[in-house]
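Next comes upload-v3.txt, with compact mmCIF, C-alpha atoms.
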# COMPACT_ATOMS: atom_id res chain seq x y z
CA MET O 418 -4.14 -33.00 9.49
CA SER O 419 -2.49 -32.08 6.21
CA SER O 420 0.16 -34.34 4.74
CA LEU O 421 3.07 -33.19 2.62
CA ASP O 422 3.50 -36.67 1.14
CA PRO O 423 3.34 -36.24 -2.65
CA THR O 424 1.83 -39.72 -3.05
CA GLU O 425 -1.24 -38.78 -1.01
CA PRO O 426 -4.12 -36.86 -2.60
CA GLN O 427 -4.05 -33.16 -1.69
CA ASN O 428 -6.82 -30.58 -1.57
CA THR O 429 -5.25 -28.14 -4.01
CA SER O 430 -8.30 -26.51 -5.57
CA ILE O 431 -7.55 -23.06 -4.14
CA ASP O 432 -3.82 -23.33 -4.70
CA GLN O 433 -4.30 -24.63 -8.23
CA GLU O 434 -6.77 -21.86 -9.01
CA THR O 435 -4.27 -19.30 -7.77
CA ILE O 436 -1.46 -20.87 -9.77
CA ASN O 437 -3.54 -20.92 -12.97
CA ALA O 438 -4.94 -17.42 -12.45
CA PRO O 439 -3.64 -14.67 -14.69
CA PHE O 440 -1.38 -12.18 -12.91
CA GLU O 441 -2.79 -8.69 -12.40
CA GLY O 442 0.11 -6.48 -13.41
CA PRO O 443 -1.11 -2.89 -12.93
CA GLU O 444 0.36 -1.41 -9.77
CA LYS O 445 -1.53 0.26 -6.97
CA LEU O 446 0.37 3.31 -5.75
CA LEU O 447 -0.34 4.84 -2.34
CA GLU O 448 1.60 7.89 -1.13
CA ILE O 449 1.14 9.59 2.23
CA TRP O 450 2.81 12.82 3.39
CA LEU O 451 2.70 13.68 7.07
CA GLN O 452 3.21 17.04 8.78
CA PRO O 453 6.70 17.10 10.38
CA PRO O 454 6.94 18.34 13.96
CA PRO O 455 7.82 22.03 14.41
CA VAL O 456 11.32 21.11 15.57
CA VAL O 457 13.25 18.04 14.40
CA PRO O 458 16.15 17.17 16.73
CA ASP O 459 19.53 17.21 14.96
CA THR O 460 20.84 14.57 17.33
CA VAL O 461 18.45 11.87 16.10
CA GLU O 462 19.77 10.07 13.03
CA ARG O 463 16.52 8.29 12.12
CA HIS O 464 13.39 10.26 12.89
CA GLY O 465 9.77 10.24 11.89
CA LEU O 466 8.57 7.15 10.05
CA ARG O 467 12.16 5.91 9.64
CA SER O 468 12.32 5.35 13.41
CA VAL O 469 9.56 2.72 13.24
CA PRO O 470 10.86 -0.84 13.73
CA ARG O 471 10.71 -3.12 10.70
CA GLU O 472 8.36 -5.48 12.58
CA LYS O 473 5.66 -2.77 12.69
CA TRP O 474 5.84 -2.29 8.92
CA GLU O 475 5.75 -6.06 8.41
CA GLU O 476 2.59 -6.19 10.54
CA MET O 477 0.98 -3.58 8.29
CA LEU O 478 2.15 -5.42 5.17
CA ASP O 479 0.43 -8.58 6.44
CA ILE O 480 -2.84 -6.66 6.12
CA VAL O 481 -1.86 -5.62 2.58
CA ARG O 482 -0.94 -9.25 1.78
CA CYS O 483 2.71 -8.97 0.87
CA LYS O 484 6.03 -9.76 2.54
CA VAL O 485 9.38 -8.02 2.97
CA LEU O 486 12.14 -9.72 0.99
CA SER O 487 14.94 -7.28 1.81
CA VAL O 488 15.61 -3.77 3.14
CA ILE O 489 18.19 -1.15 2.21
CA GLN O 490 18.62 1.80 4.56
CA GLY O 491 20.00 4.93 2.95
CA ASN O 492 20.69 8.46 4.10
CA GLU O 493 17.27 9.80 3.08
CA LEU O 494 14.98 6.77 2.98
CA ASP O 495 14.54 3.08 3.67
CA ALA O 496 13.68 0.93 0.65
CA TYR O 497 11.82 -2.33 1.21
CA LEU O 498 11.74 -4.89 -1.60
CA LEU O 499 8.39 -6.64 -1.27
CA SER O 500 6.99 -9.87 -2.63
CA GLU O 501 4.57 -7.71 -4.61
CA SER O 502 6.77 -4.64 -5.34
CA SER O 503 8.15 -1.88 -3.05
CA LEU O 504 7.76 0.23 0.07
CA PHE O 505 9.72 3.46 0.46
CA ILE O 506 9.84 5.13 3.85
CA TYR O 507 11.08 8.68 4.30
CA SER O 508 10.94 10.55 7.59
CA TYR O 509 7.57 12.13 6.76
CA LYS O 510 6.44 10.35 3.59
CA LEU O 511 5.56 6.76 2.78
CA ILE O 512 5.16 5.23 -0.70
CA LEU O 513 3.60 1.78 -1.05
CA LYS O 514 3.63 0.40 -4.58
CA THR O 515 2.19 -3.07 -5.13
CA CYS O 516 0.62 -5.20 -7.81
CA GLY O 517 -1.42 -8.38 -7.97
CA THR O 518 -4.29 -8.72 -5.52
CA THR O 519 -2.74 -6.76 -2.66
CA LEU O 520 -4.90 -4.61 -0.38
CA ASN O 521 -3.07 -1.28 -0.15
CA LEU O 522 -6.07 0.68 1.04
CA LEU O 523 -6.79 -1.75 3.87
CA GLY O 524 -3.26 -1.09 5.16
CA LEU O 525 -3.86 2.66 5.25
CA PRO O 526 -5.58 2.83 8.67
CA ARG O 527 -2.68 0.82 10.16
CA ILE O 528 -0.13 3.15 8.51
CA LEU O 529 -1.88 6.14 10.07
CA GLU O 530 -2.04 4.39 13.44
CA ILE O 531 1.70 3.56 13.31
CA ALA O 532 2.53 7.16 12.38
CA ARG O 533 0.44 8.49 15.26
CA GLU O 534 1.42 5.98 17.95
CA GLU O 535 5.08 5.39 17.10
CA CYS O 536 6.05 8.86 15.83
CA GLY O 537 3.48 11.33 17.13
CA LEU O 538 2.59 12.19 13.51
CA SER O 539 -1.14 12.69 13.24
CA THR O 540 -1.62 15.22 10.44
CA VAL O 541 -1.74 13.97 6.86
CA THR O 542 -0.89 16.84 4.52
CA LYS O 543 -1.24 14.90 1.26
CA CYS O 544 -2.47 11.49 0.21
CA PHE O 545 -2.35 10.12 -3.32
CA TYR O 546 -3.66 6.83 -4.66
CA SER O 547 -3.56 5.72 -8.26
CA ARG O 548 -3.78 2.66 -10.45
CA LYS O 549 -4.36 1.63 -14.02
CA SER O 550 -7.66 -0.01 -14.88
CA PHE O 551 -7.57 -3.68 -13.89
CA MET O 552 -7.60 -6.47 -16.42
CA PHE O 553 -9.30 -8.82 -13.92
CA PRO O 554 -11.19 -6.70 -11.36
CA GLU O 555 -13.17 -9.74 -10.21
CA ARG O 556 -9.94 -11.19 -8.74
CA GLN O 557 -9.45 -8.17 -6.47
CA SER O 558 -10.67 -8.10 -2.85
CA GLY O 559 -12.16 -5.50 -0.57
CA PRO O 560 -12.53 -2.00 -1.93
CA HIS O 561 -10.15 -2.79 -4.80
CA ARG O 562 -12.87 -4.59 -6.82
CA ASP O 563 -14.37 -1.30 -7.97
CA TRP O 564 -13.02 2.25 -8.36
CA LYS O 565 -16.14 3.74 -6.73
CA ASP O 566 -15.52 1.56 -3.65
CA GLU O 567 -11.88 2.67 -3.49
CA VAL O 568 -12.93 6.33 -3.74
CA GLY O 569 -15.59 5.83 -1.06
CA TYR O 570 -13.06 4.18 1.24
CA LEU O 571 -10.56 7.04 0.81
CA ASP O 572 -13.27 9.71 1.15
CA LYS O 573 -14.27 8.27 4.54
CA LEU O 574 -10.68 8.54 5.77
CA PHE O 575 -10.00 11.91 4.14
CA PRO O 576 -13.12 13.99 3.40
CA GLY O 577 -12.55 16.48 0.62
CA GLY O 578 -10.45 14.32 -1.69
CA ALA O 579 -10.88 14.31 -5.46
CA ALA O 580 -11.08 11.38 -7.88
CA TYR O 581 -10.07 11.55 -11.54
CA THR O 582 -9.98 9.28 -14.57
CA VAL O 583 -7.40 9.84 -17.29
CA GLY O 584 -7.87 8.04 -20.60
CA LYS O 585 -10.62 6.20 -22.41
CA MET O 586 -13.41 5.00 -20.14
CA ASN O 587 -14.08 2.14 -22.58
CA GLY O 588 -10.38 1.20 -22.80
CA ASP O 589 -7.20 1.52 -20.80
CA HIS O 590 -7.32 4.38 -18.35
CA TRP O 591 -5.61 5.61 -15.20
CA LEU O 592 -7.48 6.28 -11.96
CA LEU O 593 -6.29 8.89 -9.48
CA TRP O 594 -7.46 10.03 -6.06
CA LEU O 595 -5.77 12.77 -4.06
CA ILE O 596 -6.10 15.22 -1.26
CA ASP O 597 -3.76 18.10 -0.52
CA THR O 598 -4.46 20.03 2.67
CA THR O 599 -1.52 22.37 2.13
CA THR O 600 -3.24 24.44 -0.58

Structure re-expressed in C-alpha cells:
Amino acid sequence: MSSLDPTEPQNTSIDQETINAPFEGPEKLLEIWLQPPPVVPDTVERHGLRSVPREKWEEMLDIVRCKVLSVIQGNELDAYLLSESSLFIYSYKLILKTCGTTLNLLGLPRILEIAREECGLSTVTKCFYSRKSFMFPERQSGPHRDWKDEVGYLDKLFPGGAAYTVGKMNGDHWLLWLIDTTT
C-alpha cells in the first residue's frame, strides 16, 4: 500500500523521470470531417458531433492521455481546453490539437466509433494529421515514435491517403498526412 507520508521513502523513479524529462512542444494536429446527413433538422439546436455528451469525449481523451480542464459552448462549436492543448467540436468536424506525449492517433478509432454510434455519421470526407519533427521521438509512444508508423496507422484506417514532408529532412521539418474523398 502506498503512503503519502513525506517522511517515508517513496518509489518516485517514474515520476521523477517524468518531471525531469524535457517537454515535447511540437503539437500533433488531427482534423476529421464527416459527411452530414442529407437533411439536418432545424428543430435540433445541437446536432452531429455537438450532440455527443461530454463524458464520451472524455472517454476518448483518456485514450489520448489528456484531460478536459474546461468547456465553452458557442453557436458554431464547442471548445474544450485540455491539459495538453485543445479539442474543437463542430457538428461535422473535429479538431484535436495536443502536444507532449499524447496519443492522438490511438484516439481516432474511438472518435470514429462515437461519430457512428452516437450520431449516425459513418462517412469521413477528409482527415488531416500533421506535426513538426519531434525533438525527443524516443519519448513518444505507440505509432507516434516514428513518422512511418504514423503513416502506416493512418493508411490502415483510410486507404488512399498521402504523406508529405515540408522542410529540411536533416533539420526542422513539418510532416503532413491527408485524405480527401470529396475530390

- Task: Identify the residues within 12 Å of coordinate (-0.2, 0.5, -10.1) (same frame as the file), considering all atoms listed in the file, and give the answer as a VMD selection string.
- Result: chain O and resid 441 to 448 501 to 503 512 to 521 545 to 552 561 590 to 593

List the spatial neighbours of stretch 539-541 of chain O as a PDB file with C-alpha atoms, in the coordinates of the input - criterion: any atom at most 9 Å away, all atoms listed in the file, same-chain residues fewer than 5 positions off excluded.
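Saved as out-v1.pdb:
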ATOM      1  CA  ILE O 449       1.140   9.590   2.230  1.00  0.00           C
ATOM      2  CA  TRP O 450       2.810  12.820   3.390  1.00  0.00           C
ATOM      3  CA  LEU O 451       2.700  13.680   7.070  1.00  0.00           C
ATOM      4  CA  GLN O 452       3.210  17.040   8.780  1.00  0.00           C
ATOM      5  CA  PRO O 453       6.700  17.100  10.380  1.00  0.00           C
ATOM      6  CA  LEU O 529      -1.880   6.140  10.070  1.00  0.00           C
ATOM      7  CA  GLU O 530      -2.040   4.390  13.440  1.00  0.00           C
ATOM      8  CA  ALA O 532       2.530   7.160  12.380  1.00  0.00           C
ATOM      9  CA  ARG O 533       0.440   8.490  15.260  1.00  0.00           C
ATOM     10  CA  GLU O 534       1.420   5.980  17.950  1.00  0.00           C
ATOM     11  CA  PHE O 575     -10.000  11.910   4.140  1.00  0.00           C
ATOM     12  CA  ASP O 597      -3.760  18.100  -0.520  1.00  0.00           C
ATOM     13  CA  THR O 598      -4.460  20.030   2.670  1.00  0.00           C
TER      14      THR O 598
END

- Residue neighbourhood stretch 462-469 of chain O, 8 Å, only C-alpha atoms, exclusion window fewer than 2 positions, as an NGL selection string: :O and (453 or 457 or 459-460 or 471 or 473-474 or 494-495 or 506-511 or 531-532 or 535-536 or 538)

- Message: I'd like the interatomic distance between atom CA of O:Val488 and atom CA of O:Ile528, to a tenth of an Å.
- Response: 18.0 Å

- Query: Pick from O:Ser500, O:Thr600, O:Thr542, O:Thr582: nearest to O:Cys483, with all atoms listed in the file counted?
  - Reply: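 Nearest candidate to O:Cys483 out of O:Ser500, O:Thr600, O:Thr542, O:Thr582: O:Ser500.
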
Fill-in result for stretch 493-504 of chain O, all heavy atoms as a PDB file, in the coordinates of the input:
ATOM      1  N   GLU O 493      18.530   9.070   3.142  1.00  0.00           N
ATOM      2  CA  GLU O 493      17.270   9.800   3.080  1.00  0.00           C
ATOM      3  C   GLU O 493      16.029   8.926   3.231  1.00  0.00           C
ATOM      4  O   GLU O 493      14.965   9.432   3.553  1.00  0.00           O
ATOM      5  CB  GLU O 493      17.172  10.556   1.747  1.00  0.00           C
ATOM      6  CG  GLU O 493      18.278  11.568   1.526  1.00  0.00           C
ATOM      7  CD  GLU O 493      18.210  12.719   2.509  1.00  0.00           C
ATOM      8  OE1 GLU O 493      17.087  13.169   2.815  1.00  0.00           O
ATOM      9  OE2 GLU O 493      19.271  13.170   2.968  1.00  0.00           O
ATOM     10  N   LEU O 494      16.155   7.625   2.941  1.00  0.00           N
ATOM     11  CA  LEU O 494      14.980   6.770   2.980  1.00  0.00           C
ATOM     12  C   LEU O 494      15.380   5.325   3.195  1.00  0.00           C
ATOM     13  O   LEU O 494      16.538   4.947   3.036  1.00  0.00           O
ATOM     14  CB  LEU O 494      14.176   6.890   1.674  1.00  0.00           C
ATOM     15  CG  LEU O 494      14.790   6.237   0.445  1.00  0.00           C
ATOM     16  CD1 LEU O 494      13.823   5.232  -0.147  1.00  0.00           C
ATOM     17  CD2 LEU O 494      15.128   7.295  -0.583  1.00  0.00           C
ATOM     18  N   ASP O 495      14.381   4.529   3.550  1.00  0.00           N
ATOM     19  CA  ASP O 495      14.540   3.080   3.670  1.00  0.00           C
ATOM     20  C   ASP O 495      13.717   2.458   2.545  1.00  0.00           C
ATOM     21  O   ASP O 495      12.544   2.796   2.362  1.00  0.00           O
ATOM     22  CB  ASP O 495      14.023   2.580   5.021  1.00  0.00           C
ATOM     23  CG  ASP O 495      14.791   3.191   6.183  1.00  0.00           C
ATOM     24  OD1 ASP O 495      15.962   3.548   6.001  1.00  0.00           O
ATOM     25  OD2 ASP O 495      14.197   3.314   7.271  1.00  0.00           O
ATOM     26  N   ALA O 496      14.340   1.582   1.777  1.00  0.00           N
ATOM     27  CA  ALA O 496      13.680   0.930   0.650  1.00  0.00           C
ATOM     28  C   ALA O 496      13.458  -0.533   0.982  1.00  0.00           C
ATOM     29  O   ALA O 496      14.404  -1.251   1.292  1.00  0.00           O
ATOM     30  CB  ALA O 496      14.519   1.079  -0.610  1.00  0.00           C
ATOM     31  N   TYR O 497      12.207  -0.956   0.927  1.00  0.00           N
ATOM     32  CA  TYR O 497      11.820  -2.330   1.210  1.00  0.00           C
ATOM     33  C   TYR O 497      11.447  -3.001  -0.116  1.00  0.00           C
ATOM     34  O   TYR O 497      10.538  -2.537  -0.812  1.00  0.00           O
ATOM     35  CB  TYR O 497      10.599  -2.378   2.126  1.00  0.00           C
ATOM     36  CG  TYR O 497      10.858  -1.978   3.555  1.00  0.00           C
ATOM     37  CD1 TYR O 497      11.160  -0.666   3.900  1.00  0.00           C
ATOM     38  CD2 TYR O 497      10.762  -2.918   4.570  1.00  0.00           C
ATOM     39  CE1 TYR O 497      11.370  -0.308   5.217  1.00  0.00           C
ATOM     40  CE2 TYR O 497      10.965  -2.570   5.892  1.00  0.00           C
ATOM     41  CZ  TYR O 497      11.277  -1.255   6.206  1.00  0.00           C
ATOM     42  OH  TYR O 497      11.487  -0.905   7.515  1.00  0.00           O
ATOM     43  N   LEU O 498      12.139  -4.066  -0.462  1.00  0.00           N
ATOM     44  CA  LEU O 498      11.740  -4.890  -1.600  1.00  0.00           C
ATOM     45  C   LEU O 498      10.686  -5.847  -1.086  1.00  0.00           C
ATOM     46  O   LEU O 498      10.920  -6.589  -0.130  1.00  0.00           O
ATOM     47  CB  LEU O 498      12.945  -5.653  -2.157  1.00  0.00           C
ATOM     48  CG  LEU O 498      12.626  -6.638  -3.282  1.00  0.00           C
ATOM     49  CD1 LEU O 498      12.093  -5.907  -4.507  1.00  0.00           C
ATOM     50  CD2 LEU O 498      13.862  -7.455  -3.630  1.00  0.00           C
ATOM     51  N   LEU O 499       9.520  -5.825  -1.721  1.00  0.00           N
ATOM     52  CA  LEU O 499       8.390  -6.640  -1.270  1.00  0.00           C
ATOM     53  C   LEU O 499       8.119  -7.771  -2.253  1.00  0.00           C
ATOM     54  O   LEU O 499       8.501  -7.712  -3.411  1.00  0.00           O
ATOM     55  CB  LEU O 499       7.128  -5.774  -1.146  1.00  0.00           C
ATOM     56  CG  LEU O 499       7.227  -4.537  -0.265  1.00  0.00           C
ATOM     57  CD1 LEU O 499       5.916  -3.775  -0.291  1.00  0.00           C
ATOM     58  CD2 LEU O 499       7.632  -4.904   1.152  1.00  0.00           C
ATOM     59  N   SER O 500       7.402  -8.757  -1.768  1.00  0.00           N
ATOM     60  CA  SER O 500       6.990  -9.870  -2.630  1.00  0.00           C
ATOM     61  C   SER O 500       6.120  -9.369  -3.766  1.00  0.00           C
ATOM     62  O   SER O 500       6.051  -9.992  -4.816  1.00  0.00           O
ATOM     63  CB  SER O 500       6.250 -10.920  -1.806  1.00  0.00           C
ATOM     64  OG  SER O 500       5.141 -10.327  -1.158  1.00  0.00           O
ATOM     65  N   GLU O 501       5.449  -8.275  -3.588  1.00  0.00           N
ATOM     66  CA  GLU O 501       4.570  -7.710  -4.610  1.00  0.00           C
ATOM     67  C   GLU O 501       4.977  -6.298  -5.006  1.00  0.00           C
ATOM     68  O   GLU O 501       4.148  -5.514  -5.421  1.00  0.00           O
ATOM     69  CB  GLU O 501       3.116  -7.728  -4.137  1.00  0.00           C
ATOM     70  CG  GLU O 501       2.548  -9.084  -3.874  1.00  0.00           C
ATOM     71  CD  GLU O 501       2.281  -9.890  -5.138  1.00  0.00           C
ATOM     72  OE1 GLU O 501       2.097  -9.304  -6.221  1.00  0.00           O
ATOM     73  OE2 GLU O 501       2.259 -11.126  -5.037  1.00  0.00           O
ATOM     74  N   SER O 502       6.222  -5.905  -4.860  1.00  0.00           N
ATOM     75  CA  SER O 502       6.770  -4.640  -5.340  1.00  0.00           C
ATOM     76  C   SER O 502       7.605  -3.933  -4.276  1.00  0.00           C
ATOM     77  O   SER O 502       8.579  -4.516  -3.804  1.00  0.00           O
ATOM     78  CB  SER O 502       5.699  -3.726  -5.927  1.00  0.00           C
ATOM     79  OG  SER O 502       6.299  -2.784  -6.779  1.00  0.00           O
ATOM     80  N   SER O 503       7.233  -2.686  -3.867  1.00  0.00           N
ATOM     81  CA  SER O 503       8.150  -1.880  -3.050  1.00  0.00           C
ATOM     82  C   SER O 503       7.430  -1.018  -2.022  1.00  0.00           C
ATOM     83  O   SER O 503       6.290  -0.613  -2.213  1.00  0.00           O
ATOM     84  CB  SER O 503       8.954  -0.932  -3.956  1.00  0.00           C
ATOM     85  OG  SER O 503       9.580  -1.630  -4.986  1.00  0.00           O
ATOM     86  N   LEU O 504       8.177  -0.715  -0.955  1.00  0.00           N
ATOM     87  CA  LEU O 504       7.760   0.230   0.070  1.00  0.00           C
ATOM     88  C   LEU O 504       8.933   1.158   0.316  1.00  0.00           C
ATOM     89  O   LEU O 504      10.054   0.692   0.555  1.00  0.00           O
ATOM     90  CB  LEU O 504       7.396  -0.524   1.367  1.00  0.00           C
ATOM     91  CG  LEU O 504       7.162   0.303   2.626  1.00  0.00           C
ATOM     92  CD1 LEU O 504       5.915   1.174   2.487  1.00  0.00           C
ATOM     93  CD2 LEU O 504       7.034  -0.612   3.845  1.00  0.00           C
TER      94      LEU O 504
END
